[in-house]
Structure formats: structure tokens, C-alpha cells
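What follows is the content of structure-v6.txt, which has compact mmCIF, C-alpha atoms:
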```txt
# COMPACT_ATOMS: atom_id res chain seq x y z
CA MET B 1 -13.29 5.57 14.13
CA PHE B 2 -9.58 4.83 13.79
CA HIS B 3 -6.88 7.24 15.01
CA TRP B 4 -3.15 7.37 14.28
CA ASP B 5 -1.07 6.75 17.42
CA LYS B 6 2.37 8.15 16.52
CA THR B 7 3.89 6.90 19.78
CA ILE B 8 3.57 3.26 18.65
CA ASN B 9 6.00 1.66 16.19
CA ALA B 10 5.43 -2.05 16.96
CA ILE B 11 3.07 -4.52 18.68
CA ASP B 12 5.29 -7.10 20.36
CA ILE B 13 2.79 -9.81 21.32
CA PRO B 14 2.90 -13.62 20.83
CA ALA B 15 1.46 -15.05 17.63
CA CYS B 16 -1.00 -17.13 19.65
CA ASN B 17 -2.73 -13.89 20.71
CA ILE B 18 -3.56 -12.93 17.10
CA VAL B 19 -7.27 -13.46 16.42
CA GLN B 20 -7.61 -12.09 12.86
CA LEU B 21 -4.99 -11.02 10.31
CA PHE B 22 -5.72 -9.39 6.95
CA ARG B 23 -3.15 -8.06 4.46
CA SER B 24 -3.47 -5.98 1.30
CA MET B 25 -3.17 -7.83 -1.99
CA ARG B 26 -0.96 -5.14 -3.56
CA GLU B 27 0.68 -1.79 -2.88
CA ILE B 28 -1.04 1.49 -3.74
CA GLN B 29 -0.16 5.19 -3.65
CA LEU B 30 -1.07 6.53 -0.21
CA ALA B 31 -0.73 9.94 1.45
CA LEU B 32 -1.14 10.38 5.22
CA PRO B 33 -1.30 13.69 7.15
CA GLY B 34 2.12 15.35 7.02
CA VAL B 35 3.62 12.63 4.80
CA ALA B 36 4.08 12.85 1.02
CA ALA B 37 2.24 10.36 -1.23
CA GLN B 38 4.17 7.13 -1.73
CA GLN B 39 3.76 3.38 -2.25
CA ALA B 40 2.32 1.59 0.79
CA ASN B 41 0.69 -1.63 1.86
CA ALA B 42 -1.81 -2.29 4.66
CA THR B 43 -2.39 -4.84 7.43
CA LEU B 44 -5.43 -5.22 9.67
CA CYS B 45 -4.91 -7.12 12.91
CA GLN B 46 -7.10 -8.16 15.83
CA TYR B 47 -5.39 -9.48 18.95
CA GLN B 48 -6.25 -10.63 22.45
CA ILE B 49 -5.24 -8.32 25.25
CA GLU B 50 -6.17 -7.94 28.89
CA GLY B 51 -9.74 -6.71 28.98
CA GLY B 52 -10.86 -7.84 25.51
CA ILE B 53 -9.91 -7.59 21.83
CA GLY B 54 -7.80 -4.86 20.21
CA THR B 55 -8.07 -3.83 16.54
CA VAL B 56 -5.38 -1.95 14.61
CA ALA B 57 -4.82 -0.99 10.97
CA VAL B 58 -1.16 -0.61 10.03
CA PHE B 59 0.12 1.18 6.92
CA HIS B 60 3.71 0.58 5.82
CA LEU B 61 5.03 3.69 4.00
CA HIS B 62 7.98 2.38 2.02
CA LYS B 63 9.78 5.59 0.98
CA SER B 64 9.61 7.14 4.45
CA GLU B 65 10.26 3.75 6.11
CA VAL B 66 7.44 4.36 8.60
CA LEU B 67 4.71 2.18 10.10
CA ALA B 68 1.53 4.13 10.83
CA PHE B 69 -0.61 2.43 13.52
CA TYR B 70 -4.31 3.39 13.42
CA PHE B 71 -6.11 2.04 16.51
CA SER B 72 -9.86 1.64 16.85
CA GLU B 73 -11.90 3.83 19.16
CA PRO B 74 -12.46 2.37 21.71
CA ARG B 75 -9.10 0.62 21.52
CA ILE B 76 -10.30 -2.49 23.39
CA VAL B 77 -13.78 -4.02 23.02
CA PRO B 78 -15.41 -7.11 24.53
CA GLU B 79 -15.00 -10.30 22.52
CA LYS B 80 -18.68 -10.31 21.53
CA LYS B 81 -18.15 -6.97 19.72
CA SER B 82 -14.91 -7.96 17.98
CA ALA B 83 -16.69 -9.04 14.76
CA GLU B 84 -18.39 -5.66 14.46
CA MET B 85 -15.07 -3.86 15.01
CA LEU B 86 -13.41 -6.10 12.41
CA ASP B 87 -15.99 -5.02 9.82
CA LYS B 88 -15.34 -1.36 10.67
CA GLY B 89 -11.61 -1.90 10.30
CA LEU B 90 -12.00 -3.58 6.91
CA ASN B 91 -14.28 -0.79 5.69
CA PHE B 92 -11.75 1.81 6.89
CA VAL B 93 -8.79 0.20 5.10
CA GLU B 94 -10.73 -0.63 1.93
CA SER B 95 -12.05 2.95 1.75
CA MET B 96 -8.44 4.02 1.12
CA GLY B 97 -8.28 1.78 -1.95
CA PHE B 98 -6.71 -1.40 -0.53
CA LEU B 99 -8.02 -4.88 -1.36
CA MET B 100 -7.63 -7.05 1.73
CA THR B 101 -7.27 -10.81 1.97
CA ASP B 102 -7.62 -13.02 5.06
CA GLN B 103 -4.39 -14.76 6.09
CA ASP B 104 -6.41 -17.44 7.98
CA ILE B 105 -3.87 -17.38 10.80
CA HIS B 106 -6.33 -19.15 13.11
CA LEU B 107 -6.23 -22.19 10.80
CA LEU B 108 -2.44 -22.58 11.00
CA ASP B 109 -0.54 -24.62 13.54
CA ILE B 110 1.54 -22.88 16.19
CA ALA B 111 4.83 -23.06 14.27
CA GLU B 112 3.27 -21.61 11.11
CA GLN B 113 1.57 -18.85 13.11
CA GLU B 114 4.90 -17.85 14.65
CA LEU B 115 6.59 -17.87 11.23
CA LEU B 116 3.89 -15.71 9.62
CA TRP B 117 3.73 -13.23 12.50
CA ALA B 118 7.54 -12.91 12.70
CA SER B 119 7.69 -12.12 8.96
CA LEU B 120 5.67 -8.93 9.48
CA PRO B 121 7.33 -5.69 10.65
CA ILE B 122 4.35 -5.07 12.98
CA LYS B 123 5.85 -7.28 15.68
CA THR B 124 9.29 -5.69 16.05
CA GLY B 125 9.05 -2.53 13.94
CA LEU B 126 11.24 -1.53 11.01
CA PRO B 127 15.01 -1.98 11.60
CA GLY B 128 15.92 1.49 10.28
CA GLU B 129 12.66 3.31 10.88
CA LYS B 130 12.86 7.02 10.17
CA LYS B 131 11.01 9.81 11.87
CA LEU B 132 8.17 11.28 9.85
CA MET B 133 9.40 14.12 7.66
CA PRO B 134 6.99 16.96 6.87
CA VAL B 135 6.16 17.52 3.21
CA ALA B 136 7.92 20.90 3.23
CA ALA B 137 11.11 19.35 4.58
CA MET B 138 10.99 16.61 1.96
CA ALA B 139 10.59 19.26 -0.77
CA LYS B 140 13.59 21.19 0.59
CA ARG B 141 15.72 18.06 0.60
CA ALA B 142 14.68 17.33 -2.99
CA GLU B 143 15.75 20.86 -4.01
CA ASP B 144 19.14 20.39 -2.34
CA GLU B 145 19.66 17.07 -4.12
CA THR B 146 18.71 18.67 -7.45
CA ALA B 147 21.20 21.52 -6.90
CA ALA B 148 23.95 19.01 -6.10
CA LYS B 149 23.21 17.11 -9.31
CA LEU B 150 23.37 20.34 -11.33
CA ASP B 151 26.82 21.14 -9.87
CA THR B 152 27.99 17.66 -10.80
CA ASN B 153 26.67 18.08 -14.35
CA ARG B 154 28.49 21.43 -14.72
CA THR B 155 31.78 19.87 -13.62
CA TYR B 156 31.26 16.99 -16.02
CA SER B 157 30.47 19.38 -18.90
CA THR B 158 33.66 21.35 -18.25
CA ALA B 159 35.72 18.19 -18.35
CA GLN B 160 34.06 17.22 -21.62
CA GLU B 161 34.93 20.59 -23.21
CA GLU B 162 38.58 20.25 -22.18
CA ASN B 163 38.86 16.84 -23.77
CA LYS B 164 36.72 17.64 -26.80
CA GLU B 165 39.60 17.69 -29.31
CA THR B 166 41.07 14.45 -27.99
CA VAL B 167 37.73 12.65 -28.13
CA ALA B 168 37.02 13.94 -31.66
CA SER B 169 40.43 12.77 -32.88
CA ALA B 170 39.94 9.31 -31.38
CA ALA B 171 36.44 9.03 -32.80
CA SER B 172 37.60 9.95 -36.33
CA SER B 173 40.00 7.00 -36.34
CA GLN B 174 37.27 4.44 -35.68
CA VAL B 175 35.81 2.40 -38.56
CA ILE B 176 32.04 2.06 -38.51
CA ASP B 177 30.51 -0.92 -40.22
CA GLU B 178 27.27 0.52 -41.47
CA GLY B 179 26.18 -2.81 -42.92
CA ALA B 180 26.17 -4.40 -39.45
CA ALA B 181 23.96 -1.74 -37.91
CA THR B 182 20.36 -2.72 -37.43
CA VAL B 183 17.43 -0.62 -36.50
CA ALA B 184 14.77 -2.12 -34.29
CA GLU B 185 11.29 -1.64 -35.55
CA PRO B 186 9.33 0.55 -33.11
CA GLU B 187 6.44 -1.08 -31.38
CA LYS B 188 3.03 -0.08 -32.58
CA ALA B 189 1.15 2.10 -30.16
CA THR B 190 -2.01 0.66 -28.75
CA SER B 191 -5.06 2.41 -30.16
CA GLU B 192 -7.26 4.47 -27.88
CA SER B 193 -10.27 2.23 -28.45
CA GLU B 194 -8.32 -0.91 -27.44
CA LEU B 195 -7.14 0.80 -24.24
CA LYS B 196 -10.68 1.77 -23.32
CA THR B 197 -11.93 -1.79 -23.94
CA GLU B 198 -9.11 -3.30 -21.87
CA THR B 199 -9.72 -0.83 -19.02
CA ALA B 200 -13.43 -1.65 -18.97
CA ASP B 201 -12.64 -5.38 -18.83
CA ASN B 202 -10.19 -4.80 -15.96
CA VAL B 203 -12.81 -2.81 -14.03
CA ASP B 204 -15.35 -5.62 -14.45
CA ASP B 205 -12.80 -8.20 -13.30
CA LEU B 206 -11.86 -6.12 -10.22
CA LEU B 207 -15.50 -5.55 -9.32
CA ALA B 208 -16.15 -9.28 -9.55
CA ALA B 209 -13.04 -10.04 -7.46
CA VAL B 210 -14.01 -7.59 -4.72
CA GLU B 211 -17.58 -8.88 -4.53
CA ALA B 212 -16.28 -12.48 -4.37
CA MET B 213 -13.86 -11.59 -1.55
CA ARG B 214 -16.55 -9.84 0.44
CA ALA B 215 -18.93 -12.75 -0.13
CA LYS B 216 -16.32 -15.15 1.33
CA ARG B 217 -15.69 -13.05 4.42
CA PRO B 218 -16.74 -15.31 7.35
CA GLY B 219 -19.95 -14.24 9.03
CA LEU B 220 -20.16 -10.86 7.32
CA ARG B 221 -23.38 -11.51 5.41
CA ALA B 222 -24.97 -13.04 8.49
CA ARG B 223 -24.30 -9.90 10.51
CA LYS B 224 -25.83 -7.54 7.97
CA SER B 225 -29.50 -7.09 7.21
CA ALA B 226 -30.86 -7.04 3.66
CA GLN B 227 -30.02 -3.82 1.85
CA SER B 228 -32.41 -1.68 -0.13
CA ALA B 229 -31.98 -0.91 -3.82
CA GLU B 230 -30.82 2.61 -2.97
CA GLU B 231 -28.17 1.27 -0.58
CA MET B 232 -26.96 -1.18 -3.21
CA ARG B 233 -26.60 1.61 -5.78
CA SER B 234 -24.67 3.68 -3.22
CA ARG B 235 -22.28 0.78 -2.47
CA GLN B 236 -21.76 0.14 -6.20
CA LEU B 237 -20.87 3.81 -6.71
CA GLN B 238 -18.42 3.70 -3.78
CA LEU B 239 -16.86 0.51 -5.15
CA CYS B 240 -16.43 2.10 -8.61
CA GLU B 241 -14.67 5.08 -7.02
CA THR B 242 -12.36 2.73 -5.10
CA VAL B 243 -11.49 0.79 -8.27
CA GLY B 244 -10.91 4.07 -10.06
CA ARG B 245 -8.33 5.08 -7.45
CA ILE B 246 -6.60 1.70 -7.87
CA LEU B 247 -6.44 2.07 -11.67
CA ALA B 248 -5.16 5.61 -11.33
CA SER B 249 -2.22 4.35 -9.26
CA LEU B 250 -1.14 1.84 -11.94
```

As C-alpha cells - that is how I would like this structure written.
Amino acid sequence: MFHWDKTINAIDIPACNIVQLFRSMREIQLALPGVAAQQANATLCQYQIEGGIGTVAVFHLHKSEVLAFYFSEPRIVPEKKSAEMLDKGLNFVESMGFLMTDQDIHLLDIAEQELLWASLPIKTGLPGEKKLMPVAAMAKRAEDETAAKLDTNRTYSTAQEENKETVASAASSQVIDEGAATVAEPEKATSESELKTETADNVDDLLAAVEAMRAKRPGLRARKSAQSAEEMRSRQLQLCETVGRILASL
């Protein structure tokens, strides 16, 4: 299990303490408890700490400018159990619709590790991080902004009415060269059958990409026993649902 620790906004540890680092391949639409749905990306990190290995999944909510730190339970495990906790963390993040890729930080030299780790907001937190705003408060703020825009539009309309005669007089004096006007030909709409074919191809490509990524995950196959046909069908169904959520966010 992974739990959101709202008291944490950064993990300021040296890059040499990072054991594993995974990042999402793209942003998706994500909603967390008390936070409106918005574009987000994900990072999964394992790091050395006194007493063992810590595992944390971090979601960067761009509109709210918030980092949500989800720590494993237990938060620290012995090194021999770190691989099992890594698999749980990957399953947790991927169940939300993210496709994760290994940054291979352990293969980089010290300077490159420091550069990669410093480029992530996990280390120092976001510079202008905001407090989480409840959905109701966000809706109220949106209503206030809409009302302000309406007032601006009314003022603008009044000004337009006052200058209507002047604008009409100036417009009547202009010479329009109709021969120079060109009309762009509208693009042809894609037929429904072509869209369905393209979507099916994209689903097949994503399924193949996910299976290839999971196949390359170091040591994952070796740690899992052979699965039955029923388990395989269940995993395929779960994978299809995940891909469906990704396509729905496009």
C-alpha cells in the first residue's frame, strides 16, 4: 500500500543514495483526493536511508503546482525486499494510467547522476508550490473569474455602442478589393471508419510497447512464477482498461 504524506514536499538526499528512478513517459489527466483533475506526471524513486531502502511515488500536479508524495507501507524495508517493493510501486503508478520508463541512474557516473537528480523537483520541491485547494474552493474561484470577465465584456460593449457611428463611418470609407480575397478550402473531416481503424492500430501499438517495457524490466520475470491462462486474461483486461484511460485523455 502507498499513502499520501501531505507533510512532505521534497526529499533532499544526495544523488548517490538513489537506487532506482523511474519517470512517466507522458502526462495524463489525474485527480487526487480533494484536488480537481488536471495534467500530471509521475516519478517512482527508491533511495538508501538509515535502516534500509525507502520507496516513494511522486505525482506532479501542474495546475495546482503541487507534488504529492505517496510513501510505501512500511516506509523502509530491508535491502533484500527492495525489489518486491519496487514492483508494488510500479504496479501502483501504472494502475493510474502512467507508462513508466527506467532512467538507469545506477549506470550513470557521479556527475550525470547529480545533474539528473537536480533536474527533478523532488529534491528541492517546487519554487512556488501552492497549498492544496479543495475542489469547492476552486469552483468558487472559477465563478468569480467568470463574473469579472462578464463585467469587462459589458464595459467593452458599452464603449462599442458609443463609438458605433464613428466606426461605421470609417468603415464605409474603406475600399475592399474583392478580387484579392481568397477562401481557404475547408479540410475534409476524417470518416468514422478511418478513426476506428487508427484507434485500433494505436491500441495495438501501445499494448506492444507496454509488454516490451515490462519484459525489459530487470529481474521482474525472474521474480514471478508462471501465470495461468485465467491470470493472463485478467492482466490483458486490466491493460486494455489502462490503455483506454490513456486514449480518453488525448

Please return, as a short mmCIF file (atom, residue, chain, number, x, y, z; two decimals) with C-alpha atoms, in the frame of the given file, all polymer residues that have at least one atom within 12 Å of the point (-15.6, -11.2, 23.0); use all atoms listed in the file and the file's own coordinate frame.
```
data_model
loop_
_atom_site.label_atom_id
_atom_site.label_comp_id
_atom_site.auth_asym_id
_atom_site.auth_seq_id
_atom_site.Cartn_x
_atom_site.Cartn_y
_atom_site.Cartn_z
CA VAL B 19 -7.27 -13.46 16.42
CA GLN B 46 -7.10 -8.16 15.83
CA TYR B 47 -5.39 -9.48 18.95
CA GLN B 48 -6.25 -10.63 22.45
CA ILE B 49 -5.24 -8.32 25.25
CA GLU B 50 -6.17 -7.94 28.89
CA GLY B 51 -9.74 -6.71 28.98
CA GLY B 52 -10.86 -7.84 25.51
CA ILE B 53 -9.91 -7.59 21.83
CA GLY B 54 -7.80 -4.86 20.21
CA ILE B 76 -10.30 -2.49 23.39
CA VAL B 77 -13.78 -4.02 23.02
CA PRO B 78 -15.41 -7.11 24.53
CA GLU B 79 -15.00 -10.30 22.52
CA LYS B 80 -18.68 -10.31 21.53
CA LYS B 81 -18.15 -6.97 19.72
CA SER B 82 -14.91 -7.96 17.98
CA ALA B 83 -16.69 -9.04 14.76
CA GLU B 84 -18.39 -5.66 14.46
CA MET B 85 -15.07 -3.86 15.01
CA LEU B 86 -13.41 -6.10 12.41
#
```

Once you count all atoms listed in the file, what closest atom pair and distance in Å to one decimal does each residue of segment 27-123 of chain B within 8 Å of segment 242-247 of chain B have, with rows by chain and rising residue number, as a Markdown table?
```
| residue | atom | partner | partner_atom | distance |
| --- | --- | --- | --- | --- |
| B:Ile28 | CA | B:Ile246 | CA | 6.9 |
| B:Glu94 | CA | B:Thr242 | CA | 8.0 |
| B:Ser95 | CA | B:Thr242 | CA | 6.9 |
| B:Met96 | CA | B:Thr242 | CA | 7.5 |
| B:Gly97 | CA | B:Thr242 | CA | 5.2 |
| B:Phe98 | CA | B:Ile246 | CA | 8.0 |
```

Can you tell me, as a compact mmCIF listing (two decimals) with C-alpha atoms, in the frame of the given file, what residues are no more than 9 Å from His60 of chain B when counting only C-alpha atoms, ignoring any on the same chain fewer than 3 positions away?
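Produced file around02.txt, reproduced below:
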```
# COMPACT_ATOMS: atom_id res chain seq x y z
CA GLN B 39 3.76 3.38 -2.25
CA ALA B 40 2.32 1.59 0.79
CA ASN B 41 0.69 -1.63 1.86
CA ALA B 42 -1.81 -2.29 4.66
CA THR B 43 -2.39 -4.84 7.43
CA SER B 64 9.61 7.14 4.45
CA GLU B 65 10.26 3.75 6.11
CA VAL B 66 7.44 4.36 8.60
CA LEU B 67 4.71 2.18 10.10
CA ALA B 68 1.53 4.13 10.83
CA PRO B 121 7.33 -5.69 10.65
```

Residue nearest Leu44 of chain B among B:Arg26, B:Ile8, B:Met1, B:Gln103 (counting all atoms listed in the file):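 The closest residue to Leu44 of chain B is B:Gln103.
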
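If you count only C-alpha atoms and ignore residues fewer than 6 places along the chain from Ile11 of chain B, what sits within 7 Å of it is Ile122, Lys123 and Thr124 of chain B.
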
Pick from B:Trp117, B:Trp4, B:Phe71, B:Phe92 nearest to Pro33 of chain B, counting only C-alpha atoms: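 Selected residue with least distance to Pro33 of chain B: B:Trp4.
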
Option closest in space to Asp87 of chain B, from B:Leu237, B:Thr55, B:Glu27, B:Glu73 [counting all atoms listed in the file]: B:Thr55

Distance of atom CA of Phe2 of chain B from atom CA of Phe69 of chain B, expressed in Å to one decimal place: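 Atom CA of Phe69 of chain B sits 9.3 Å away from atom CA of Phe2 of chain B.
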
Separation of atom CA of Glu241 of chain B from atom CA of Ser228 of chain B, in Å and rounded to one decimal: 20.2 Å
